[in-house]
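Below is run.txt, holding compact mmCIF, C-alpha atoms and all ligand atoms.
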# COMPACT_ATOMS: atom_id res chain seq x y z
CA MET N 1 -75.12 -104.27 -102.07
CA ILE N 2 -71.89 -102.98 -100.46
CA GLU N 3 -71.27 -104.30 -96.95
CA PRO N 4 -68.49 -102.02 -95.70
CA THR N 5 -66.50 -102.97 -92.62
CA ILE N 6 -65.61 -99.84 -90.66
CA LEU N 7 -63.68 -99.14 -87.45
CA ALA N 8 -65.14 -96.14 -85.56
CA ILE N 9 -63.58 -94.13 -82.74
CA GLU N 10 -65.26 -91.83 -80.22
CA SER N 11 -63.19 -89.55 -77.96
CA SER N 12 -65.17 -86.31 -77.59
CA CYS N 13 -65.42 -86.23 -73.79
CA ASP N 14 -64.63 -88.77 -71.08
CA GLU N 15 -65.41 -92.04 -72.87
CA THR N 16 -62.76 -93.69 -75.02
CA SER N 17 -64.69 -95.96 -77.33
CA ALA N 18 -64.17 -98.03 -80.47
CA ALA N 19 -66.64 -100.07 -82.51
CA VAL N 20 -66.65 -102.22 -85.62
CA ILE N 21 -69.61 -102.24 -88.00
CA ARG N 22 -70.16 -104.48 -91.03
CA GLY N 23 -72.97 -103.93 -93.50
CA GLY N 24 -74.74 -101.65 -90.98
CA LYS N 25 -74.56 -104.24 -88.17
CA VAL N 26 -72.54 -103.26 -85.08
CA LEU N 27 -70.21 -106.21 -84.32
CA SER N 28 -68.48 -104.69 -81.29
CA ASN N 29 -68.76 -101.57 -79.15
CA ILE N 30 -66.10 -101.17 -76.46
CA VAL N 31 -66.51 -98.24 -74.06
CA ASN N 32 -63.92 -97.21 -71.47
CA THR N 33 -65.38 -94.61 -69.10
CA GLN N 34 -62.54 -92.62 -67.56
CA ALA N 35 -62.61 -92.92 -63.76
CA VAL N 36 -59.97 -90.22 -63.22
CA HIS N 37 -62.57 -87.40 -63.18
CA GLU N 38 -64.57 -88.73 -60.21
CA GLN N 39 -62.32 -87.14 -57.58
CA TYR N 40 -62.78 -83.70 -59.23
CA GLY N 41 -66.57 -83.87 -59.50
CA GLY N 42 -66.50 -83.16 -63.25
CA VAL N 43 -64.53 -83.79 -66.44
CA VAL N 44 -61.03 -82.25 -66.40
CA PRO N 45 -60.16 -81.67 -70.10
CA GLU N 46 -56.40 -82.19 -69.83
CA LEU N 47 -56.86 -85.43 -67.88
CA ALA N 48 -59.43 -86.60 -70.45
CA SER N 49 -56.89 -86.13 -73.28
CA ARG N 50 -54.21 -88.04 -71.40
CA ALA N 51 -56.59 -90.89 -70.54
CA HIS N 52 -57.70 -91.15 -74.21
CA GLN N 53 -54.04 -91.38 -75.16
CA GLN N 54 -53.57 -94.28 -72.75
CA ASN N 55 -56.82 -96.06 -73.63
CA ILE N 56 -57.06 -95.76 -77.36
CA ILE N 57 -54.82 -98.63 -78.47
CA PRO N 58 -56.23 -101.23 -76.03
CA VAL N 59 -59.82 -100.12 -76.77
CA VAL N 60 -59.32 -100.37 -80.55
CA SER N 61 -57.58 -103.76 -80.21
CA GLN N 62 -60.46 -105.01 -78.08
CA ALA N 63 -63.04 -103.78 -80.58
CA LEU N 64 -61.31 -105.60 -83.48
CA LEU N 65 -60.85 -108.74 -81.38
CA THR N 66 -64.46 -108.83 -80.18
CA ALA N 67 -65.73 -108.31 -83.73
CA ASN N 68 -63.29 -110.97 -84.98
CA VAL N 69 -62.17 -108.57 -87.70
CA ALA N 70 -58.57 -108.18 -88.89
CA LYS N 71 -57.15 -104.74 -89.75
CA SER N 72 -56.76 -105.93 -93.36
CA GLU N 73 -60.56 -106.42 -93.62
CA LEU N 74 -61.36 -102.77 -92.83
CA ASN N 75 -62.77 -100.59 -95.63
CA ALA N 76 -62.63 -97.30 -93.69
CA VAL N 77 -61.81 -95.67 -90.35
CA ALA N 78 -64.23 -93.17 -88.78
CA PHE N 79 -63.82 -90.75 -85.88
CA THR N 80 -65.74 -88.03 -84.03
CA ARG N 81 -64.68 -84.64 -85.41
CA GLY N 82 -66.81 -82.65 -82.94
CA PRO N 83 -68.47 -81.16 -81.02
CA GLY N 84 -66.46 -81.94 -77.89
CA LEU N 85 -63.27 -81.12 -75.99
CA LEU N 86 -60.46 -80.14 -78.37
CA GLY N 87 -57.68 -82.13 -76.72
CA ALA N 88 -59.89 -85.19 -76.38
CA LEU N 89 -61.05 -84.99 -80.01
CA LEU N 90 -57.43 -84.60 -81.19
CA VAL N 91 -56.51 -88.02 -79.82
CA GLY N 92 -59.26 -89.85 -81.76
CA CYS N 93 -58.73 -87.74 -84.88
CA SER N 94 -54.93 -88.21 -84.99
CA PHE N 95 -55.25 -91.91 -84.28
CA ALA N 96 -57.84 -92.40 -87.04
CA LYS N 97 -55.79 -90.40 -89.56
CA SER N 98 -52.66 -92.45 -88.88
CA PHE N 99 -54.61 -95.70 -89.00
CA ALA N 100 -56.23 -94.79 -92.32
CA LEU N 101 -52.93 -93.64 -93.78
CA GLY N 102 -51.13 -96.78 -92.61
CA LEU N 103 -53.76 -99.09 -94.06
CA GLY N 104 -54.37 -97.01 -97.18
CA ILE N 105 -58.12 -96.83 -96.58
CA PRO N 106 -60.59 -93.89 -96.50
CA LEU N 107 -61.23 -91.70 -93.49
CA ILE N 108 -64.73 -90.63 -92.35
CA GLU N 109 -65.38 -87.63 -90.04
CA VAL N 110 -68.56 -87.90 -87.97
CA ASN N 111 -70.64 -85.26 -86.19
CA HIS N 112 -71.19 -86.48 -82.61
CA MET N 113 -74.72 -85.01 -82.31
CA GLN N 114 -75.90 -86.55 -85.60
CA ALA N 115 -74.43 -89.85 -84.44
CA HIS N 116 -76.48 -89.73 -81.21
CA ILE N 117 -79.58 -89.60 -83.41
CA LEU N 118 -78.37 -92.34 -85.77
CA ALA N 119 -77.98 -94.66 -82.75
CA HIS N 120 -81.66 -95.36 -83.47
CA PHE N 121 -80.64 -97.29 -86.59
CA ILE N 122 -78.46 -99.79 -84.73
CA ASP N 123 -81.35 -101.97 -83.49
CA ASP N 124 -85.03 -102.44 -84.33
CA PRO N 125 -87.54 -100.82 -84.22
CA LYS N 126 -86.22 -97.99 -86.36
CA PRO N 127 -88.07 -94.66 -86.68
CA GLN N 128 -89.72 -93.73 -89.98
CA PHE N 129 -88.78 -90.45 -91.72
CA PRO N 130 -89.56 -87.71 -91.01
CA PHE N 131 -89.24 -87.96 -87.25
CA LEU N 132 -88.48 -85.56 -84.41
CA CYS N 133 -85.55 -86.28 -82.14
CA LEU N 134 -85.04 -84.68 -78.74
CA THR N 135 -81.25 -84.83 -78.36
CA VAL N 136 -80.30 -84.29 -74.74
CA SER N 137 -76.75 -84.54 -73.47
CA GLY N 138 -74.21 -82.90 -71.18
CA GLY N 139 -73.47 -80.17 -73.72
CA HIS N 140 -76.58 -79.98 -75.94
CA THR N 141 -80.36 -79.82 -75.87
CA GLN N 142 -81.92 -79.87 -79.34
CA ILE N 143 -85.10 -80.73 -81.15
CA VAL N 144 -84.06 -82.06 -84.54
CA LEU N 145 -86.25 -82.66 -87.58
CA VAL N 146 -84.76 -85.80 -89.15
CA LYS N 147 -85.69 -86.06 -92.84
CA ASP N 148 -83.21 -88.79 -93.77
CA HIS N 149 -80.17 -90.52 -92.28
CA LEU N 150 -77.90 -87.62 -93.21
CA ASP N 151 -80.47 -84.88 -93.70
CA MET N 152 -81.28 -83.22 -90.36
CA GLU N 153 -82.34 -79.76 -89.25
CA ILE N 154 -82.14 -78.32 -85.73
CA ILE N 155 -85.50 -76.61 -85.15
CA GLY N 156 -84.99 -75.72 -81.48
CA GLN N 157 -82.21 -75.68 -78.92
CA THR N 158 -81.11 -74.37 -75.57
CA THR N 159 -80.23 -70.71 -75.32
CA ASP N 160 -78.00 -71.26 -72.29
CA ASP N 161 -77.21 -74.45 -70.34
CA ALA N 162 -77.80 -77.98 -71.58
CA VAL N 163 -80.32 -80.10 -69.67
CA GLY N 164 -77.55 -82.61 -68.77
CA GLU N 165 -75.67 -79.75 -67.17
CA ALA N 166 -78.78 -78.82 -65.16
CA PHE N 167 -78.97 -82.43 -63.89
CA ASP N 168 -75.25 -82.48 -63.07
CA LYS N 169 -75.14 -79.05 -61.39
CA THR N 170 -78.24 -79.78 -59.28
CA ALA N 171 -76.69 -83.07 -58.21
CA LYS N 172 -73.51 -81.21 -57.22
CA MET N 173 -75.50 -78.63 -55.19
CA LEU N 174 -77.14 -81.53 -53.37
CA GLY N 175 -73.75 -83.04 -52.59
CA LEU N 176 -74.29 -86.13 -54.76
CA PRO N 177 -71.16 -87.77 -56.17
CA TYR N 178 -70.11 -87.45 -59.83
CA PRO N 179 -71.53 -88.33 -62.31
CA GLY N 180 -74.52 -86.41 -61.03
CA GLY N 181 -77.22 -87.11 -63.64
CA PRO N 182 -77.56 -90.86 -63.14
CA MET N 183 -77.32 -90.45 -59.34
CA LEU N 184 -80.08 -87.82 -59.28
CA ASP N 185 -82.20 -90.18 -61.42
CA LYS N 186 -81.75 -92.98 -58.86
CA MET N 187 -82.71 -90.72 -55.93
CA ALA N 188 -85.67 -89.24 -57.81
CA ALA N 189 -87.19 -92.70 -58.28
CA GLN N 190 -87.81 -92.87 -54.51
CA GLY N 191 -89.18 -89.33 -54.09
CA ASN N 192 -92.37 -87.31 -54.55
CA PRO N 193 -92.13 -85.23 -57.76
CA ASN N 194 -94.80 -82.82 -56.49
CA ALA N 195 -93.15 -82.06 -53.16
CA PHE N 196 -91.55 -78.79 -54.33
CA GLU N 197 -92.24 -76.46 -57.22
CA PHE N 198 -89.65 -74.98 -59.58
CA PRO N 199 -90.30 -72.80 -62.64
CA VAL N 200 -90.73 -74.55 -65.99
CA GLY N 201 -88.50 -72.78 -68.54
CA ASN N 202 -90.42 -70.91 -71.22
CA MET N 203 -88.62 -69.70 -74.34
CA PRO N 204 -90.01 -68.74 -77.74
CA GLU N 205 -90.67 -71.35 -80.43
CA TYR N 206 -88.94 -74.69 -79.77
CA ASN N 207 -86.08 -73.29 -77.73
CA PHE N 208 -85.12 -74.06 -74.16
CA SER N 209 -83.58 -72.33 -71.17
CA PHE N 210 -82.23 -74.16 -68.13
CA SER N 211 -80.24 -71.48 -66.35
CA GLY N 212 -83.36 -70.14 -64.56
CA ILE N 213 -84.20 -73.53 -63.07
CA LYS N 214 -80.62 -73.95 -61.92
CA THR N 215 -80.64 -70.55 -60.18
CA SER N 216 -84.02 -71.17 -58.57
CA VAL N 217 -82.76 -74.48 -57.14
CA LEU N 218 -79.70 -72.66 -55.77
CA TYR N 219 -81.80 -69.97 -54.01
CA PHE N 220 -84.35 -72.52 -52.84
CA LEU N 221 -81.63 -74.60 -51.17
CA ARG N 222 -79.97 -71.51 -49.69
CA ASP N 223 -83.24 -70.30 -48.11
CA LYS N 224 -84.38 -73.71 -46.88
CA THR N 225 -81.03 -74.60 -45.29
CA LYS N 226 -81.09 -71.26 -43.45
CA GLU N 227 -84.34 -72.40 -41.78
CA ASN N 228 -83.16 -75.99 -41.31
CA PRO N 229 -79.49 -76.92 -41.80
CA ASP N 230 -80.53 -80.56 -42.39
CA PHE N 231 -83.07 -79.64 -45.07
CA VAL N 232 -81.22 -81.34 -47.95
CA GLN N 233 -80.52 -84.46 -45.94
CA ASP N 234 -84.15 -84.67 -44.75
CA ASN N 235 -85.68 -84.10 -48.19
CA LEU N 236 -83.09 -85.41 -50.65
CA VAL N 237 -85.24 -87.81 -52.67
CA ASP N 238 -88.16 -85.34 -52.86
CA ILE N 239 -85.89 -82.51 -54.08
CA CYS N 240 -84.40 -84.83 -56.72
CA ALA N 241 -87.83 -86.01 -57.89
CA SER N 242 -89.20 -82.43 -58.04
CA VAL N 243 -86.23 -81.01 -59.98
CA GLN N 244 -86.24 -83.98 -62.35
CA GLN N 245 -89.95 -83.58 -63.01
CA THR N 246 -89.46 -79.87 -63.78
CA LEU N 247 -86.65 -80.62 -66.26
CA ILE N 248 -88.74 -83.33 -67.96
CA LYS N 249 -91.78 -81.00 -68.15
CA THR N 250 -89.64 -78.28 -69.77
CA LEU N 251 -88.37 -80.74 -72.38
CA LEU N 252 -91.73 -82.30 -73.16
CA LYS N 253 -93.54 -78.99 -73.45
CA LYS N 254 -91.47 -78.03 -76.51
CA LEU N 255 -91.46 -81.51 -77.96
CA LYS N 256 -95.28 -81.62 -77.81
CA GLN N 257 -95.49 -78.19 -79.41
CA ALA N 258 -93.18 -79.21 -82.29
CA SER N 259 -95.07 -82.48 -82.82
CA ARG N 260 -98.38 -80.63 -82.96
CA ASP N 261 -97.16 -77.87 -85.29
CA LEU N 262 -95.39 -80.20 -87.72
CA GLY N 263 -97.93 -83.02 -87.52
CA ILE N 264 -95.21 -85.58 -86.72
CA ARG N 265 -95.91 -88.43 -84.31
CA GLU N 266 -92.67 -90.35 -84.85
CA ILE N 267 -90.71 -89.20 -81.80
CA ALA N 268 -87.24 -90.23 -80.69
CA ILE N 269 -84.94 -89.27 -77.84
CA ALA N 270 -81.16 -89.52 -77.89
CA GLY N 271 -78.04 -88.52 -75.93
CA GLY N 272 -76.92 -89.18 -72.37
CA VAL N 273 -80.04 -87.75 -70.68
CA SER N 274 -82.25 -90.15 -72.69
CA ALA N 275 -80.98 -92.74 -70.18
CA ASN N 276 -83.05 -90.93 -67.53
CA SER N 277 -85.72 -93.31 -66.25
CA GLY N 278 -88.20 -90.51 -65.46
CA LEU N 279 -87.94 -89.08 -68.98
CA ARG N 280 -88.31 -92.54 -70.56
CA LYS N 281 -91.37 -93.35 -68.43
CA THR N 282 -93.11 -89.98 -68.90
CA LEU N 283 -92.56 -90.13 -72.65
CA GLN N 284 -93.92 -93.67 -72.92
CA GLU N 285 -97.01 -92.76 -70.89
CA TYR N 286 -97.68 -89.67 -73.03
CA ALA N 287 -97.10 -91.70 -76.22
CA ALA N 288 -99.67 -94.32 -75.22
CA LYS N 289 -102.31 -91.61 -74.63
CA HIS N 290 -101.57 -89.46 -77.68
CA ASN N 291 -100.69 -92.00 -80.36
CA TRP N 292 -97.02 -91.18 -80.61
CA ASN N 293 -94.58 -93.83 -81.82
CA VAL N 294 -91.74 -93.36 -79.39
CA TYR N 295 -88.16 -94.57 -79.94
CA ILE N 296 -85.76 -94.80 -77.03
CA PRO N 297 -82.24 -96.19 -77.53
CA ALA N 298 -80.91 -99.12 -75.49
CA PHE N 299 -78.97 -97.78 -72.47
CA GLN N 300 -75.58 -98.62 -74.01
CA TYR N 301 -76.37 -96.38 -76.99
CA CYS N 302 -77.70 -93.39 -74.97
CA THR N 303 -74.42 -92.20 -73.45
CA ASP N 304 -71.29 -91.70 -75.55
CA ASN N 305 -70.24 -94.77 -77.52
CA ALA N 306 -68.51 -95.56 -80.80
CA GLY N 307 -71.37 -97.81 -81.99
CA MET N 308 -73.34 -94.68 -82.92
CA ILE N 309 -70.26 -93.18 -84.66
CA ALA N 310 -69.99 -96.42 -86.63
CA MET N 311 -73.66 -96.23 -87.65
CA ALA N 312 -73.24 -92.67 -88.94
CA ALA N 313 -70.03 -93.72 -90.74
CA HIS N 314 -71.89 -96.57 -92.45
CA TYR N 315 -74.35 -94.15 -94.10
CA GLN N 316 -71.57 -91.70 -94.96
CA TYR N 317 -69.55 -94.51 -96.57
CA LEU N 318 -72.51 -95.49 -98.77
CA LYS N 319 -72.81 -91.84 -99.82
CA GLY N 320 -69.06 -91.54 -100.53
CA ASP N 321 -68.68 -88.84 -97.88
CA PHE N 322 -64.97 -89.13 -96.98
CA ALA N 323 -62.54 -86.79 -95.23
CA THR N 324 -58.99 -85.95 -96.26
CA GLN N 325 -55.79 -86.13 -94.22
CA TYR N 326 -56.09 -82.33 -93.76
CA VAL N 327 -59.14 -82.67 -91.49
CA SER N 328 -58.84 -81.40 -87.91
CA PRO N 329 -61.27 -81.54 -84.95
CA ASP N 330 -63.88 -78.84 -84.48
CA PRO N 331 -64.98 -78.46 -80.83
CA ARG N 332 -68.07 -76.52 -81.97
CA LEU N 333 -68.95 -78.55 -85.05
CA LYS N 334 -72.46 -77.79 -86.35
CA PHE N 335 -74.72 -79.58 -88.82
O1 LIG S 1 -74.26 -87.89 -74.39
P1 LIG S 1 -73.44 -87.90 -73.18
O2 LIG S 1 -72.91 -89.23 -72.66
O3 LIG S 1 -72.18 -86.97 -73.33
C1 LIG S 1 -72.27 -85.74 -74.00
O4 LIG S 1 -72.20 -85.78 -75.25
O5 LIG S 1 -72.47 -84.74 -73.28
O6 LIG S 1 -74.30 -87.18 -72.03
C2 LIG S 1 -73.80 -87.01 -70.75
C3 LIG S 1 -74.89 -86.36 -69.90
C4 LIG S 1 -74.39 -85.97 -68.52
O7 LIG S 1 -74.85 -84.67 -68.21
C5 LIG S 1 -75.04 -87.00 -67.61
O8 LIG S 1 -75.26 -86.58 -66.30
C6 LIG S 1 -76.35 -87.22 -68.33
O9 LIG S 1 -75.98 -87.26 -69.70
N1 LIG S 1 -77.00 -88.47 -67.92
C7 LIG S 1 -78.16 -88.51 -67.23
C8 LIG S 1 -78.43 -89.88 -66.98
N2 LIG S 1 -77.43 -90.62 -67.56
C9 LIG S 1 -76.57 -89.74 -68.12
N3 LIG S 1 -78.96 -87.52 -66.79
C10 LIG S 1 -80.06 -87.87 -66.12
N4 LIG S 1 -80.39 -89.15 -65.84
C11 LIG S 1 -79.62 -90.18 -66.25
N5 LIG S 1 -79.96 -91.44 -65.98
ZN ZN S 2 -72.73 -87.33 -76.42
Here is a file; write its structure as structure tokens.
Ligand code: KG4
Ligand code: ZN
Amino acid sequence: MIEPTILAIESSCDETSAAVIRGGKVLSNIVNTQAVHEQYGGVVPELASRAHQQNIIPVVSQALLTANVAKSELNAVAFTRGPGLLGALLVGCSFAKSFALGLGIPLIEVNHMQAHILAHFIDDPKPQFPFLCLTVSGGHTQIVLVKDHLDMEIIGQTTDDAVGEAFDKTAKMLGLPYPGGPMLDKMAAQGNPNAFEFPVGNMPEYNFSFSGIKTSVLYFLRDKTKENPDFVQDNLVDICASVQQTLIKTLLKKLKQASRDLGIREIAIAGGVSANSGLRKTLQEYAAKHNWNVYIPAFQYCTDNAGMIAMAAHYQYLKGDFATQYVSPDPRLKF
């Protein structure tokens, strides 16, 4: 049995992260969330690249130190090739290439969205194949049929905005500080989810649409504040709870449909929005009633982290799936 020791780097958006994995066990996972974007209310790509540049060496050093692993013990270096912001990806990619070249060890390119799913293999319990994974992040909303660690098929996805974007944009309209998603989640926990009604997106097959919900929230707030300028202030937690419930309903509707059609009851969620407490709770309640085995990652493995990149790299190493020094980032990388 090979027990490869791999350094993994994640730099696709606003988290600079490095992890060390040995024999499939994550030994360290250091995440530096860039604070520079807060004042702009969203991620500024150029500032993200610069912050990655500043963070990458200390984050990698910390990951090796925490894992108690020397550079000479590494069997490979992995990095996120995409999808993500080009400038941000370039930092991780260039760093990993130089590191691999300097140490004379193989390079592994990882797909960020596959890695979100493979985060489920870091800790127990692990899902059984085949399983369905609802991957929900700031840039993606997908239902993925996972047949094996590296054999996955997207069976449904958003046709416009990602659900994370819908959370973030709603939060912004309500005047909540960045990052909006987690803040909206916190407010929603204190509100009545049935206070206001918004349309549940309805697309063919297992696809999603979130732009309609976003627009309806915008018009709803415009009309209500005309009647009462303090409307948002007076109803903040109820608006948050109602929008959140609508987004969760839209997601679960398609997930239920896919589970029914394919006869699969092994259900996982992954990506930043899987940290949402309402989604986690609703899914667990549904699972208990309908005999689903539900898998929800630990919070630290929901949002962007290099631990998940390391897990994907572990399986790719065992398969001999290595990249060359000619590899470059792909902001729209598919699988
Ligand atoms: O996976 P991720 O960290 O980065 C991307 O690959 O996009 O996901 C980030 C997204 C953001 O839209 C953020 O607002 C959302 O995940 N998010 C949440 C929560 N935590 C993170 N959305 C709702 N509730 C949360 N608790
Ligand atoms: Zn992500």
(request) Go through the chains and note each residue within 6 Å of ligand LIG 1 (chain S), using all atoms listed in the file, then give the set as an MDAnalysis selection string. (result) chainID N and resid 137:139 164:165 167:168 179:182 185 271:273 275:276 303:304
(message) 10 Å from ligand ZN 2 (chain S) is the threshold here; counting only C-alpha atoms and all ligand atoms, which polymer residues fall inside it? Answer as a count of residues only.
(response) 30
(request) Between N:Ile117, N:Ala310, N:Ala166, N:Cys240, single out the one closest to Asp151 (chain N), counting all atoms listed in the file. (result)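 Of all the options, N:Ile117 lies closest to Asp151 (chain N).
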(message) For a quick check of understanding, using all atoms listed in the file, which of N:Gln284, N:Ser274, N:Gln142, N:Gln245 has the smallest distance to Ala258 (chain N)?
(response) N:Gln142
(request) Measuring atom to atom with all atoms listed in the file, identify which of N:Ser277, N:Ser328, N:Thr5, N:Gln39 is nearest to Lys186 (chain N). (result)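 Among N:Ser277, N:Ser328, N:Thr5, N:Gln39, it is N:Ser277 that comes nearest to Lys186 (chain N).
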(request) Name the closest residue to Pro193 (chain N) among the candidates N:Asn228, N:Thr246, N:Thr33, N:Ser211; distances are taken between atoms, counting all atoms listed in the file. (result) N:Thr246
(request) Find, counting all atoms listed in the file, the residue in N:Ala288, N:Ile248, N:Ala188, N:Leu174 that gets nearest to Gly201 (chain N). (result)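 When distances to Gly201 (chain N) are compared using all atoms listed in the file, the smallest one comes from N:Ile248.
Of the residues listed (N:Thr170, N:Asn291, N:Ser259, N:Gln128), N:Thr170 shows the shortest atom-to-atom separation from Val232 (chain N); distances use all atoms listed in the file.
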Fewer than 6 positions away in the same chain doesn't count, so skip those; otherwise give me all residues within 12 Å of Tyr40 (chain N), counting only C-alpha atoms, as a PDB file with C-alpha atoms, in the frame of the given file.
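Dumped everything to result-v8.pdb:
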ATOM      1  CA  LEU N  47     -56.860 -85.430 -67.880  1.00  0.00           C
ATOM      2  CA  LYS N 172     -73.510 -81.210 -57.220  1.00  0.00           C
ATOM      3  CA  PRO N 177     -71.160 -87.770 -56.170  1.00  0.00           C
ATOM      4  CA  TYR N 178     -70.110 -87.450 -59.830  1.00  0.00           C
ATOM      5  CA  PRO N 179     -71.530 -88.330 -62.310  1.00  0.00           C
TER       6      PRO N 179
END
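The residue set within 6 Å of region 95-111 of chain N, counting all atoms listed in the file and dropping same-chain residues fewer than 4 places from it, reads Ala76, Val77, Ala78, Phe79, Thr80, Arg81, Gly82, Phe322 and Ala323 of chain N.
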(message) Quick one: residues within 8 Å of Val217 (chain N), all atoms listed in the file, excluding same-chain residues fewer than 2 positions away - as JSON, numbers by chain?
(response) {"N": [170, 198, 213, 214, 215, 219, 220, 221, 243]}
Where atoms are missing, can you supply N, CA and C atoms for region 231-249 of chain N and output the lot as an mmCIF file, keeping the file's coordinate frame?
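Saved file out-v4.cif follows:
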data_model
loop_
_atom_site.group_PDB
_atom_site.id
_atom_site.type_symbol
_atom_site.label_atom_id
_atom_site.label_comp_id
_atom_site.auth_asym_id
_atom_site.auth_seq_id
_atom_site.Cartn_x
_atom_site.Cartn_y
_atom_site.Cartn_z
ATOM 1 N N PHE N 231 -81.991 -79.582 -44.086
ATOM 2 C CA PHE N 231 -83.070 -79.640 -45.070
ATOM 3 C C PHE N 231 -82.768 -80.608 -46.231
ATOM 4 N N VAL N 232 -81.555 -80.497 -46.795
ATOM 5 C CA VAL N 232 -81.220 -81.340 -47.950
ATOM 6 C C VAL N 232 -81.230 -82.807 -47.553
ATOM 7 N N GLN N 233 -80.582 -83.086 -46.450
ATOM 8 C CA GLN N 233 -80.520 -84.460 -45.940
ATOM 9 C C GLN N 233 -81.916 -85.033 -45.700
ATOM 10 N N ASP N 234 -82.805 -84.208 -45.096
ATOM 11 C CA ASP N 234 -84.150 -84.670 -44.750
ATOM 12 C C ASP N 234 -85.056 -84.845 -45.970
ATOM 13 N N ASN N 235 -84.749 -84.113 -47.046
ATOM 14 C CA ASN N 235 -85.680 -84.100 -48.190
ATOM 15 C C ASN N 235 -85.037 -84.504 -49.514
ATOM 16 N N LEU N 236 -83.888 -85.172 -49.438
ATOM 17 C CA LEU N 236 -83.090 -85.410 -50.650
ATOM 18 C C LEU N 236 -83.884 -86.033 -51.799
ATOM 19 N N VAL N 237 -84.567 -87.123 -51.545
ATOM 20 C CA VAL N 237 -85.240 -87.810 -52.670
ATOM 21 C C VAL N 237 -86.379 -86.966 -53.245
ATOM 22 N N ASP N 238 -87.068 -86.200 -52.373
ATOM 23 C CA ASP N 238 -88.160 -85.340 -52.860
ATOM 24 C C ASP N 238 -87.624 -84.177 -53.694
ATOM 25 N N ILE N 239 -86.488 -83.607 -53.288
ATOM 26 C CA ILE N 239 -85.890 -82.510 -54.080
ATOM 27 C C ILE N 239 -85.488 -83.067 -55.446
ATOM 28 N N CYS N 240 -84.832 -84.225 -55.442
ATOM 29 C CA CYS N 240 -84.400 -84.830 -56.720
ATOM 30 C C CYS N 240 -85.593 -85.085 -57.630
ATOM 31 N N ALA N 241 -86.646 -85.670 -57.077
ATOM 32 C CA ALA N 241 -87.830 -86.010 -57.890
ATOM 33 C C ALA N 241 -88.481 -84.738 -58.437
ATOM 34 N N SER N 242 -88.533 -83.669 -57.610
ATOM 35 C CA SER N 242 -89.200 -82.430 -58.040
ATOM 36 C C SER N 242 -88.391 -81.720 -59.123
ATOM 37 N N VAL N 243 -87.067 -81.661 -58.956
ATOM 38 C CA VAL N 243 -86.230 -81.010 -59.980
ATOM 39 C C VAL N 243 -86.303 -81.821 -61.280
ATOM 40 N N GLN N 244 -86.194 -83.136 -61.150
ATOM 41 C CA GLN N 244 -86.240 -83.980 -62.350
ATOM 42 C C GLN N 244 -87.553 -83.799 -63.103
ATOM 43 N N GLN N 245 -88.656 -83.756 -62.340
ATOM 44 C CA GLN N 245 -89.950 -83.580 -63.010
ATOM 45 C C GLN N 245 -90.006 -82.234 -63.751
ATOM 46 N N THR N 246 -89.447 -81.190 -63.144
ATOM 47 C CA THR N 246 -89.460 -79.870 -63.780
ATOM 48 C C THR N 246 -88.653 -79.903 -65.089
ATOM 49 N N LEU N 247 -87.489 -80.547 -65.052
ATOM 50 C CA LEU N 247 -86.650 -80.620 -66.260
ATOM 51 C C LEU N 247 -87.375 -81.407 -67.352
ATOM 52 N N ILE N 248 -88.012 -82.494 -66.972
ATOM 53 C CA ILE N 248 -88.740 -83.330 -67.960
ATOM 54 C C ILE N 248 -89.909 -82.532 -68.557
ATOM 55 N N LYS N 249 -90.640 -81.810 -67.689
ATOM 56 C CA LYS N 249 -91.780 -81.000 -68.150
ATOM 57 C C LYS N 249 -91.319 -79.970 -69.172
#
